[in-house]
file upload-v2.tsv (TSV, C-alpha atoms)
chain	number	residue	atom	x	y	z
A	67	MET	CA	-8.60	56.30	38.20
A	68	ASN	CA	-12.00	57.15	36.72
A	69	LEU	CA	-12.50	55.72	33.26
A	70	THR	CA	-15.75	55.79	31.37
A	71	ALA	CA	-16.66	52.48	29.74
A	72	LEU	CA	-15.70	52.47	26.08
A	73	PRO	CA	-18.42	52.11	23.46
A	74	VAL	CA	-19.47	48.52	22.86
A	75	ARG	CA	-22.24	47.44	20.52
A	76	ARG	CA	-25.23	46.31	22.57
A	77	GLN	CA	-23.49	47.01	25.88
A	78	LEU	CA	-25.85	48.06	28.64
A	79	ASN	CA	-26.01	51.84	29.06
A	80	THR	CA	-22.36	52.82	28.55
A	81	PRO	CA	-21.64	56.30	27.17
A	82	PRO	CA	-19.10	56.75	24.36
A	83	VAL	CA	-15.66	58.28	24.71
A	84	ALA	CA	-13.36	59.80	22.12
A	85	ALA	CA	-11.56	57.32	19.88
A	86	SER	CA	-7.82	56.89	20.24
A	87	PRO	CA	-5.72	58.68	17.59
A	88	PHE	CA	-3.54	55.55	17.37
A	89	PRO	CA	-4.36	52.28	15.59
A	90	HIS	CA	-4.66	49.20	17.79
A	91	ASN	CA	-1.61	47.05	18.23
A	92	PRO	CA	-2.27	44.02	15.99
A	93	GLY	CA	-1.58	41.63	18.87
A	94	SER	CA	-3.96	43.23	21.35
A	95	LEU	CA	-7.22	41.61	22.37
A	96	LEU	CA	-9.30	44.20	24.17
A	97	SER	CA	-12.80	43.10	23.15
A	98	VAL	CA	-14.44	40.15	21.42
A	99	GLU	CA	-15.38	42.71	18.77
A	100	ASP	CA	-11.69	42.90	17.86
A	101	LEU	CA	-12.09	39.49	16.23
A	102	SER	CA	-13.81	38.61	12.97
A	103	LEU	CA	-15.35	35.14	12.82
A	104	GLU	CA	-12.29	34.15	10.81
A	105	GLY	CA	-10.14	35.47	13.66
A	106	VAL	CA	-12.18	33.49	16.21
A	107	SER	CA	-11.70	30.37	14.07
A	108	ARG	CA	-7.95	30.92	13.92
A	109	ILE	CA	-7.73	31.15	17.70
A	110	LEU	CA	-9.85	28.01	18.17
A	111	THR	CA	-7.78	26.08	15.64
A	112	ARG	CA	-4.48	27.27	17.07
A	113	ALA	CA	-5.61	26.49	20.63
A	114	THR	CA	-6.13	22.85	19.65
A	115	ALA	CA	-2.80	22.68	17.82
A	116	LEU	CA	-0.91	24.11	20.81
A	117	GLU	CA	-2.76	21.89	23.26
A	118	ASN	CA	-1.71	18.82	21.27
A	119	GLU	CA	1.88	19.96	20.63
A	120	ASP	CA	4.83	18.25	22.27
A	121	PRO	CA	5.52	20.42	25.35
A	122	LEU	CA	9.25	20.52	24.61
A	123	VAL	CA	8.57	21.79	21.10
A	124	ARG	CA	5.90	24.20	22.33
A	125	THR	CA	8.23	25.90	24.80
A	126	ARG	CA	10.43	27.06	21.94
A	127	ILE	CA	7.64	29.08	20.30
A	128	LEU	CA	8.06	32.12	22.60
A	129	ALA	CA	11.31	31.13	24.29
A	130	LYS	CA	12.60	33.95	26.52
A	131	ARG	CA	9.98	36.45	25.35
A	132	ARG	CA	8.76	38.65	28.22
A	133	VAL	CA	5.14	38.88	29.32
A	134	ALA	CA	3.87	40.91	32.29
A	135	LEU	CA	0.68	40.08	34.18
A	136	LEU	CA	-0.71	43.26	35.72
A	137	PHE	CA	-3.61	42.46	38.06
A	138	TYR	CA	-5.46	45.12	40.01
A	139	GLU	CA	-8.15	42.63	41.09
A	140	SER	CA	-7.87	39.21	42.68
A	141	SER	CA	-8.01	36.24	40.34
A	142	THR	CA	-7.33	32.53	40.44
A	143	ARG	CA	-8.48	31.02	37.15
A	144	THR	CA	-7.67	33.85	34.74
A	145	ARG	CA	-4.33	34.79	36.23
A	146	THR	CA	-3.09	31.25	36.65
A	147	SER	CA	-4.22	30.07	33.22
A	148	PHE	CA	-2.63	33.08	31.50
A	149	GLU	CA	0.60	32.45	33.40
A	150	LEU	CA	0.60	28.74	32.59
A	151	ALA	CA	-0.24	29.54	28.97
A	152	ALA	CA	2.66	31.96	28.57
A	153	LYS	CA	5.11	29.65	30.33
A	154	GLY	CA	3.85	26.73	28.28
A	155	LEU	CA	5.05	28.62	25.19
A	156	GLY	CA	8.43	29.30	26.78
A	157	ALA	CA	7.87	32.94	27.73
A	158	ASP	CA	9.22	34.51	30.90
A	159	THR	CA	6.44	35.98	33.04
A	160	THR	CA	6.27	38.42	35.92
A	161	LEU	CA	3.24	39.11	38.06
A	162	VAL	CA	2.49	42.63	39.30
A	163	SER	CA	-0.43	42.94	41.70
A	164	SER	CA	-1.92	45.98	43.36
A	165	LEU	CA	-0.99	44.64	46.81
A	166	SER	CA	2.69	44.01	46.18
A	167	SER	CA	3.91	46.87	44.01
A	168	SER	CA	4.07	50.66	43.74
A	169	ILE	CA	0.39	50.57	42.79
A	170	GLU	CA	-0.28	50.33	46.52
A	171	LYS	CA	1.54	53.65	46.91
A	172	GLY	CA	-0.69	55.38	44.36
A	173	GLU	CA	1.23	54.88	41.11
A	174	SER	CA	-1.00	55.40	38.06
A	175	LEU	CA	-1.81	52.73	35.50
A	176	LYS	CA	0.05	54.81	32.90
A	177	ASP	CA	3.27	54.95	34.91
A	178	THR	CA	3.09	51.30	35.89
A	179	GLY	CA	2.61	50.32	32.26
A	180	LEU	CA	5.47	52.49	31.03
A	181	THR	CA	7.70	51.06	33.75
A	182	LEU	CA	6.92	47.51	32.67
A	183	LYS	CA	7.70	48.44	29.08
A	184	ALA	CA	11.01	50.01	30.11
A	185	LEU	CA	11.84	46.81	32.00
A	186	GLY	CA	11.44	44.83	28.79
A	187	ALA	CA	7.85	43.56	28.84
A	188	GLU	CA	6.76	42.79	25.29
A	189	ALA	CA	3.08	42.28	26.13
A	190	ILE	CA	0.90	43.03	29.15
A	191	ILE	CA	-2.04	40.98	30.40
A	192	LEU	CA	-4.24	43.39	32.35
A	193	ARG	CA	-7.07	42.94	34.83
A	194	HIS	CA	-8.41	46.21	36.17
A	195	ASN	CA	-11.43	47.39	38.10
A	196	SER	CA	-12.12	50.29	35.70
A	197	SER	CA	-13.90	49.80	32.40
A	198	GLY	CA	-11.70	50.89	29.51
A	199	ALA	CA	-8.39	50.43	31.35
A	200	SER	CA	-7.01	48.11	28.65
A	201	TRP	CA	-7.56	50.74	25.96
A	202	LEU	CA	-5.78	53.38	28.03
A	203	LEU	CA	-2.82	51.06	28.67
A	204	GLU	CA	-2.49	50.24	24.98
A	205	ASP	CA	-2.59	53.94	24.09
A	206	VAL	CA	0.22	54.87	26.45
A	207	THR	CA	2.49	51.84	26.01
A	208	ARG	CA	1.79	50.85	22.37
A	209	LEU	CA	2.36	47.26	23.49
A	210	PRO	CA	0.00	44.37	22.76
A	211	ILE	CA	-2.49	44.32	25.63
A	212	LEU	CA	-4.63	41.33	26.54
A	213	ASN	CA	-7.76	42.30	28.44
A	214	ALA	CA	-8.18	39.87	31.34
A	215	GLY	CA	-11.27	41.73	32.55
A	216	ASP	CA	-11.87	45.48	32.81
A	217	GLY	CA	-14.43	46.55	35.37
A	218	MET	CA	-17.97	45.71	34.25
A	219	HIS	CA	-17.00	45.97	30.60
A	220	GLN	CA	-15.50	42.90	28.91
A	221	HIS	CA	-13.60	39.63	29.39
A	222	PRO	CA	-12.88	38.44	25.84
A	223	THR	CA	-10.81	35.33	26.57
A	224	GLN	CA	-13.54	34.05	28.91
A	225	ALA	CA	-16.06	34.30	26.07
A	226	LEU	CA	-13.66	32.42	23.78
A	227	LEU	CA	-13.12	29.60	26.26
A	228	ASP	CA	-16.86	29.43	26.93
A	229	LEU	CA	-17.40	29.10	23.19
A	230	ARG	CA	-14.81	26.31	22.98
A	231	ALA	CA	-16.54	24.46	25.83
A	232	LEU	CA	-19.91	24.78	24.09
A	233	LEU	CA	-18.54	23.63	20.74
A	234	ALA	CA	-16.86	20.61	22.33
A	235	HIS	CA	-20.28	19.29	23.40
A	236	LEU	CA	-22.71	20.76	20.88
A	237	ARG	CA	-20.54	20.78	17.74
A	238	PRO	CA	-17.74	18.29	18.49
A	239	GLY	CA	-14.70	18.62	16.28
A	240	LEU	CA	-15.79	21.94	14.82
A	241	GLU	CA	-13.32	24.84	15.00
A	242	THR	CA	-14.08	26.93	11.91
A	243	VAL	CA	-17.07	29.01	12.98
A	244	THR	CA	-19.60	30.83	10.82
A	245	ALA	CA	-22.71	32.93	11.32
A	246	ASP	CA	-24.84	29.80	11.69
A	247	THR	CA	-22.52	27.52	13.69
A	248	LEU	CA	-24.76	27.78	16.77
A	249	ALA	CA	-28.06	28.15	14.94
A	250	GLY	CA	-30.79	26.47	17.00
A	251	VAL	CA	-28.80	26.74	20.23
A	252	THR	CA	-30.14	28.77	23.14
A	253	VAL	CA	-27.85	29.82	25.96
A	254	SER	CA	-29.35	31.31	29.11
A	255	ILE	CA	-27.12	33.61	31.17
A	256	VAL	CA	-28.52	33.84	34.68
A	257	GLY	CA	-27.83	36.11	37.63
A	258	ASP	CA	-25.94	39.37	38.02
A	259	ILE	CA	-26.01	40.50	34.40
A	260	LEU	CA	-25.68	44.18	35.31
A	261	HIS	CA	-22.16	43.84	36.70
A	262	SER	CA	-20.91	40.96	34.57
A	263	ARG	CA	-18.17	41.50	31.99
A	264	VAL	CA	-18.48	37.79	31.20
A	265	ALA	CA	-22.13	38.25	30.25
A	266	ARG	CA	-21.30	41.22	28.04
A	267	SER	CA	-18.55	39.43	26.13
A	268	ASN	CA	-20.76	36.38	25.59
A	269	MET	CA	-23.65	38.62	24.50
A	270	LEU	CA	-21.36	40.14	21.88
A	271	LEU	CA	-19.95	36.84	20.65
A	272	LEU	CA	-22.57	34.08	20.74
A	273	PRO	CA	-25.29	35.77	18.62
A	274	ARG	CA	-22.70	36.36	15.87
A	275	LEU	CA	-22.54	32.56	15.55
A	276	GLY	CA	-26.31	32.21	15.39
A	277	ALA	CA	-27.05	31.41	19.04
A	278	ARG	CA	-30.00	32.83	20.91
A	279	VAL	CA	-29.05	34.34	24.28
A	280	ILE	CA	-31.61	34.64	27.07
A	281	LEU	CA	-30.76	36.95	29.96
A	282	CYS	CA	-32.43	35.95	33.21
A	283	GLY	CA	-32.38	37.62	36.61
A	284	PRO	CA	-34.16	40.07	38.93
A	285	ARG	CA	-34.66	43.67	37.85
A	286	GLU	CA	-32.01	44.92	40.30
A	287	LEU	CA	-29.39	42.85	38.46
A	288	LEU	CA	-30.90	42.92	34.97
A	289	PRO	CA	-32.36	46.27	33.87
A	290	GLU	CA	-35.33	46.43	31.53
A	291	LEU	CA	-33.20	48.14	28.86
A	292	ALA	CA	-31.37	44.83	28.38
A	293	ALA	CA	-34.40	43.71	26.38
A	294	ASN	CA	-33.06	45.98	23.61
A	295	ALA	CA	-29.48	44.76	23.89
A	296	GLY	CA	-29.38	43.52	20.30
A	297	PRO	CA	-30.40	40.85	17.80
A	298	GLY	CA	-30.59	37.36	19.24
A	299	ILE	CA	-30.81	38.59	22.85
A	300	SER	CA	-33.94	38.56	25.01
A	301	VAL	CA	-34.90	38.88	28.67
A	302	GLU	CA	-36.84	36.28	30.63
A	303	ARG	CA	-37.58	36.84	34.34
A	304	ASP	CA	-38.93	33.32	34.85
A	305	PHE	CA	-35.90	31.09	35.38
A	306	GLU	CA	-37.76	27.86	34.76
A	307	ALA	CA	-39.18	29.18	31.48
A	308	ALA	CA	-35.65	30.10	30.38
A	309	LEU	CA	-34.35	26.66	31.33
A	310	ARG	CA	-36.99	24.94	29.22
A	311	LEU	CA	-35.63	26.71	26.13
A	312	SER	CA	-31.93	26.19	26.86
A	313	GLN	CA	-29.28	23.84	25.57
A	314	ALA	CA	-26.79	25.54	27.92
A	315	VAL	CA	-27.17	27.64	31.04
A	316	MET	CA	-24.42	29.93	32.32
A	317	MET	CA	-24.77	30.76	36.01
A	318	LEU	CA	-23.16	33.95	37.29
A	319	ARG	CA	-21.91	34.81	40.75
A	320	ILE	CA	-23.64	37.58	42.67
A	321	GLN	CA	-20.84	40.17	42.73
A	322	ALA	CA	-21.18	41.46	46.27
A	323	GLU	CA	-18.21	43.81	45.75
A	324	ARG	CA	-20.20	45.71	43.10
A	325	LEU	CA	-23.62	45.86	44.81
A	326	ALA	CA	-23.24	49.24	46.56
A	327	GLY	CA	-26.65	50.92	46.76
A	328	LEU	CA	-28.60	47.91	45.51
A	329	GLN	CA	-31.01	45.98	47.68
A	330	VAL	CA	-30.83	42.32	46.79
A	331	ASP	CA	-32.61	39.79	49.02
A	332	LEU	CA	-30.36	36.75	48.75
A	333	GLU	CA	-32.93	34.34	50.14
A	334	GLU	CA	-35.48	35.49	47.59
A	335	TYR	CA	-32.82	35.30	44.91
A	336	LYS	CA	-32.09	31.67	45.79
A	337	THR	CA	-35.79	30.83	45.72
A	338	ARG	CA	-36.24	32.28	42.25
A	339	TYR	CA	-32.88	31.78	40.52
A	340	GLN	CA	-30.78	29.12	42.22
A	341	LEU	CA	-29.99	26.17	39.94
A	342	THR	CA	-30.84	22.99	41.83
A	343	PRO	CA	-30.83	19.35	40.73
A	344	GLN	CA	-34.64	19.38	40.84
A	345	ARG	CA	-34.91	22.43	38.57
A	346	LEU	CA	-32.36	21.07	36.16
A	347	ALA	CA	-34.00	17.62	35.94
A	348	ALA	CA	-37.48	19.05	35.51
A	349	HIS	CA	-36.77	21.79	32.99
A	350	ALA	CA	-33.41	21.20	31.29
A	351	PRO	CA	-32.36	17.56	31.76
A	352	ALA	CA	-29.84	17.68	28.90
A	353	ALA	CA	-28.55	21.25	29.21
A	354	LEU	CA	-24.88	22.02	29.82
A	355	VAL	CA	-24.12	23.96	33.00
A	356	LEU	CA	-21.39	26.61	32.81
A	357	HIS	CA	-19.98	29.06	35.35
A	358	PRO	CA	-17.03	31.46	34.91
A	359	GLY	CA	-16.08	31.15	38.58
A	360	PRO	CA	-15.56	31.69	41.36
A	361	ILE	CA	-18.59	29.64	42.39
A	362	ILE	CA	-20.49	30.39	45.57
A	363	ARG	CA	-21.95	26.99	46.30
A	364	GLY	CA	-25.40	27.23	47.80
A	365	LEU	CA	-26.14	30.63	46.25
A	366	GLU	CA	-26.32	30.69	42.45
A	367	LEU	CA	-26.20	26.89	42.23
A	368	THR	CA	-25.97	23.93	44.54
A	369	ALA	CA	-22.93	21.72	45.06
A	370	GLU	CA	-24.82	18.81	43.47
A	371	VAL	CA	-25.22	20.77	40.23
A	372	ALA	CA	-21.66	22.12	40.25
A	373	ASP	CA	-20.29	18.58	40.60
A	374	GLY	CA	-22.99	16.89	38.56
A	375	PRO	CA	-22.87	15.18	35.15
A	376	GLN	CA	-24.19	18.21	33.27
A	377	SER	CA	-21.52	20.54	34.65
A	378	VAL	CA	-18.70	21.59	32.32
A	379	ILE	CA	-17.26	24.09	34.80
A	380	LEU	CA	-13.88	22.42	35.18
A	381	GLU	CA	-13.77	21.81	31.44
A	382	GLN	CA	-14.08	25.58	30.99
A	383	VAL	CA	-11.00	26.02	33.16
A	384	ARG	CA	-9.04	23.54	31.04
A	385	HIS	CA	-10.15	25.19	27.81
A	386	GLY	CA	-8.89	28.48	29.24
A	387	VAL	CA	-5.25	27.39	29.14
A	388	ALA	CA	-5.45	26.37	25.46
A	389	ILE	CA	-7.30	29.53	24.41
A	390	ARG	CA	-4.89	31.74	26.29
A	391	MET	CA	-1.88	30.01	24.76
A	392	ALA	CA	-3.29	30.91	21.34
A	393	VAL	CA	-4.00	34.48	22.41
A	394	VAL	CA	-0.57	35.03	23.99
A	395	GLU	CA	1.13	33.63	20.91
A	396	ARG	CA	-0.99	35.94	18.74
A	397	ALA	CA	-0.03	38.91	20.92
A	398	LEU	CA	3.67	38.42	20.29
A	399	THR	CA	3.56	37.29	16.66
A	400	ALA	CA	0.60	39.14	15.07
A	401	ALA	CA	2.73	42.01	13.77
A	402	LEU	CA	4.87	39.50	11.87
A	403	GLN	CA	1.96	37.73	10.23
A	404	GLU	CA	0.72	38.74	6.83
A	405	GLY	CA	-2.50	40.68	7.07
A	406	GLY	CA	-1.84	41.92	10.61
A	407	ARG	CA	-4.72	41.80	13.01
A	408	ALA	CA	-7.40	39.09	12.99
call {"tool": "encode", "arguments": {"input": "upload-v2.tsv", "output": "structure tokens"}}
result
Amino acid sequence: MNLTALPVRRQLNTPPVAASPFPHNPGSLLSVEDLSLEGVSRILTRATALENEDPLVRTRILAKRRVALLFYESSTRTRTSFELAAKGLGADTTLVSSLSSSIEKGESLKDTGLTLKALGAEAIILRHNSSGASWLLEDVTRLPILNAGDGMHQHPTQALLDLRALLAHLRPGLETVTADTLAGVTVSIVGDILHSRVARSNMLLLPRLGARVILCGPRELLPELAANAGPGISVERDFEAALRLSQAVMMLRIQAERLAGLQVDLEEYKTRYQLTPQRLAAHAPAALVLHPGPIIRGLELTAEVADGPQSVILEQVRHGVAIRMAVVERALTAALQEGGRA
């Protein structure tokens, strides 16, 4: 399947494609741009309410509703948290992976999606290695689709859980966000920006709340054109200079599976961009450390930093379940709510 990345404001060098003739399903979440700030606030507020709800009461919210998880790429955190989120609301889930289904025999995304719909799936959570796959699946099935990562394009629920983790420390108790909620906050995103859907979704979300985003990495993994990515976003090649400005630093994994044709010297990369206890203490002694996972200890950061007092990496994982409960609930109830889509 060869999909061109769909147009995204400030996305790095992605050509446009023709718009779908159909309106979006009101329960879909394909991009962080699908959400107004009011919509983001509703998800944050609902995530807290669901997290604090009596589990026996919570399981009646989506009792016996059917949710399919369709994963063409390996995943631990995203897949498991979506599954736990759906089950926590009482939904029945089924997992379809590329290694244990007709996908392995060459079945198209369209036919797999239509099959899941015919089997009774009411929503599909999709991870796919092609940018734009979630839009295609929504077009052909007309079901609510939750984008769990599409190629190098977007990962909207990761950006939402990252935001919740940041707010918990920098704006404790705050869930209603505005254009200046993160004013004065600088977040550095460091590493393989070129291939990172997590970076793109955070670049699209955080500046809307007033944050400054610094992109940091070598030219092979962070093209010069990123300097024009949009308001509130800048490029800094000097990692230590970026750290000195940061209240939070998000380290990214080097995505070896996407590095075909690129020459990246990993030893040089570690020398220039690895987050070590010494760097953190010298240049950002109070900054939060985030990572979307999976972590490669000893490459993008050391074990001491990953397990250290400034790390909120496991907190991100916990926030993911709450955020995804809110998003799954929205997927299956949005059409019934007055005003439709957030």
call {"tool": "residues_around", "arguments": {"input": "upload-v2.tsv", "residues": "segment 286-294 of chain A", "least_positions_apart": "3", "cutoff": "6 Å", "atoms": "all atoms listed in the file", "output": "list in words"}}
result
Asp258, Ile259, Leu260, Gly283, Ser300 and Val301 of chain A
call {"tool": "write_last_selection", "arguments": {"input": "upload-v2.tsv", "atoms": "C-alpha atoms", "output": "PDB file, in the coordinates of the input"}}
result
ATOM      1  CA  ASP A 258     -25.940  39.370  38.020  1.00  0.00           C
ATOM      2  CA  ILE A 259     -26.010  40.500  34.400  1.00  0.00           C
ATOM      3  CA  LEU A 260     -25.680  44.180  35.310  1.00  0.00           C
ATOM      4  CA  GLY A 283     -32.380  37.620  36.610  1.00  0.00           C
ATOM      5  CA  SER A 300     -33.940  38.560  25.010  1.00  0.00           C
ATOM      6  CA  VAL A 301     -34.900  38.880  28.670  1.00  0.00           C
TER       7      VAL A 301
END
call {"tool": "closest_residue", "arguments": {"input": "upload-v2.tsv", "among": "A:Thr181, A:Ser163, A:Thr399, A:Ser102", "to": "Thr244 of chain A", "atoms": "only C-alpha atoms"}}
result
A:Ser102
call {"tool": "atom_distance", "arguments": {"input": "upload-v2.tsv", "atom1": "atom CA of Thr125 of chain A", "atom2": "atom CA of Leu150 of chain A"}}
result
11.3 Å
call {"tool": "closest_residue", "arguments": {"input": "upload-v2.tsv", "among": "A:Ile362, A:Asp331, A:Glu306, A:Glu139", "to": "Gln344 of chain A", "atoms": "all atoms listed in the file"}}
result
A:Glu306
call {"tool": "residues_around", "arguments": {"input": "upload-v2.tsv", "residues": "Leu175 of chain A", "least_positions_apart": "2", "cutoff": "12 Å", "atoms": "all atoms listed in the file", "output": "PyMOL selection string"}}
result
chain A and resi 67-69+136-138+162-164+167-173+177-182+190+192-196+198-207
call {"tool": "residues_around", "arguments": {"input": "upload-v2.tsv", "residues": "Ala392 of chain A", "least_positions_apart": "5", "cutoff": "12 Å", "atoms": "all atoms listed in the file", "output": "PyMOL selection string"}}
result
chain A and resi 93+95+105-117+124+127-128+147-148+151-152+154-155+212+223+226-227+385-387+397-400
call {"tool": "residues_around", "arguments": {"input": "upload-v2.tsv", "residues": "segment 98-101 of chain A", "least_positions_apart": "5", "cutoff": "8 Å", "atoms": "only C-alpha atoms", "output": "PyMOL selection string"}}
result
chain A and resi 106+222-223+225+267+270-271+408
call {"tool": "atom_distance", "arguments": {"input": "upload-v2.tsv", "atom1": "atom CA of Met218 of chain A", "atom2": "atom CA of Gln313 of chain A"}}
result
26.1 Å
call {"tool": "closest_residue", "arguments": {"input": "upload-v2.tsv", "among": "A:Glu104, A:Glu334, A:Glu188, A:Asp373", "to": "Pro284 of chain A", "atoms": "all atoms listed in the file"}}
result
A:Glu334
call {"tool": "decode", "arguments": {"input": "upload-v2.tsv", "residues": "segment 304-361 of chain A", "atoms": "C-alpha atoms", "output": "PDB file, in the first residue's frame"}}
result
ATOM      1  CA  ASP A 304      23.421  22.431  20.196  1.00  0.00           C
ATOM      2  CA  PHE A 305      21.779  20.034  22.651  1.00  0.00           C
ATOM      3  CA  GLU A 306      23.177  21.728  25.729  1.00  0.00           C
ATOM      4  CA  ALA A 307      21.929  25.131  24.558  1.00  0.00           C
ATOM      5  CA  ALA A 308      18.454  23.643  24.074  1.00  0.00           C
ATOM      6  CA  LEU A 309      18.539  22.073  27.527  1.00  0.00           C
ATOM      7  CA  ARG A 310      19.356  25.393  29.167  1.00  0.00           C
ATOM      8  CA  LEU A 311      16.104  26.832  27.794  1.00  0.00           C
ATOM      9  CA  SER A 312      13.879  23.850  28.608  1.00  0.00           C
ATOM     10  CA  GLN A 313      11.360  23.078  31.300  1.00  0.00           C
ATOM     11  CA  ALA A 314      10.810  19.678  29.650  1.00  0.00           C
ATOM     12  CA  VAL A 315      12.863  17.570  27.270  1.00  0.00           C
ATOM     13  CA  MET A 316      11.351  14.804  25.149  1.00  0.00           C
ATOM     14  CA  MET A 317      13.911  12.247  23.987  1.00  0.00           C
ATOM     15  CA  LEU A 318      13.135  10.227  20.860  1.00  0.00           C
ATOM     16  CA  ARG A 319      14.344   6.802  19.835  1.00  0.00           C
ATOM     17  CA  ILE A 320      16.540   6.492  16.766  1.00  0.00           C
ATOM     18  CA  GLN A 321      14.153   4.617  14.456  1.00  0.00           C
ATOM     19  CA  ALA A 322      16.548   2.164  12.849  1.00  0.00           C
ATOM     20  CA  GLU A 323      13.693   0.608  10.848  1.00  0.00           C
ATOM     21  CA  ARG A 324      13.215   3.918   8.986  1.00  0.00           C
ATOM     22  CA  LEU A 325      16.863   4.874   8.377  1.00  0.00           C
ATOM     23  CA  ALA A 326      17.295   3.307   4.911  1.00  0.00           C
ATOM     24  CA  GLY A 327      19.757   5.397   2.904  1.00  0.00           C
ATOM     25  CA  LEU A 328      20.788   7.625   5.812  1.00  0.00           C
ATOM     26  CA  GLN A 329      24.246   7.564   7.305  1.00  0.00           C
ATOM     27  CA  VAL A 330      24.000   8.116  11.036  1.00  0.00           C
ATOM     28  CA  ASP A 331      27.103   7.599  13.182  1.00  0.00           C
ATOM     29  CA  LEU A 332      25.623   6.327  16.433  1.00  0.00           C
ATOM     30  CA  GLU A 333      28.768   6.963  18.470  1.00  0.00           C
ATOM     31  CA  GLU A 334      28.864  10.568  17.300  1.00  0.00           C
ATOM     32  CA  TYR A 335      25.149  10.833  17.969  1.00  0.00           C
ATOM     33  CA  LYS A 336      25.638   9.693  21.566  1.00  0.00           C
ATOM     34  CA  THR A 337      28.471  12.170  22.049  1.00  0.00           C
ATOM     35  CA  ARG A 338      26.355  15.084  20.855  1.00  0.00           C
ATOM     36  CA  TYR A 339      22.781  14.176  21.823  1.00  0.00           C
ATOM     37  CA  GLN A 340      22.655  11.515  24.520  1.00  0.00           C
ATOM     38  CA  LEU A 341      20.955  12.713  27.707  1.00  0.00           C
ATOM     39  CA  THR A 342      23.230  11.848  30.618  1.00  0.00           C
ATOM     40  CA  PRO A 343      22.969  12.666  34.331  1.00  0.00           C
ATOM     41  CA  GLN A 344      25.877  15.084  33.930  1.00  0.00           C
ATOM     42  CA  ARG A 345      24.217  16.977  31.069  1.00  0.00           C
ATOM     43  CA  LEU A 346      20.917  17.116  32.860  1.00  0.00           C
ATOM     44  CA  ALA A 347      22.435  18.353  36.141  1.00  0.00           C
ATOM     45  CA  ALA A 348      24.578  20.967  34.426  1.00  0.00           C
ATOM     46  CA  HIS A 349      22.054  22.407  31.990  1.00  0.00           C
ATOM     47  CA  ALA A 350      18.501  21.477  33.041  1.00  0.00           C
ATOM     48  CA  PRO A 351      18.494  20.432  36.711  1.00  0.00           C
ATOM     49  CA  ALA A 352      14.734  20.930  37.072  1.00  0.00           C
ATOM     50  CA  ALA A 353      13.510  19.850  33.630  1.00  0.00           C
ATOM     51  CA  LEU A 354      11.066  16.986  33.164  1.00  0.00           C
ATOM     52  CA  VAL A 355      12.325  14.089  31.037  1.00  0.00           C
ATOM     53  CA  LEU A 356       9.821  12.438  28.691  1.00  0.00           C
ATOM     54  CA  HIS A 357      10.107   9.601  26.183  1.00  0.00           C
ATOM     55  CA  PRO A 358       7.313   7.998  24.118  1.00  0.00           C
ATOM     56  CA  GLY A 359       9.039   4.602  24.206  1.00  0.00           C
ATOM     57  CA  PRO A 360      10.385   2.168  23.490  1.00  0.00           C
ATOM     58  CA  ILE A 361      13.585   3.376  25.149  1.00  0.00           C
TER      59      ILE A 361
END
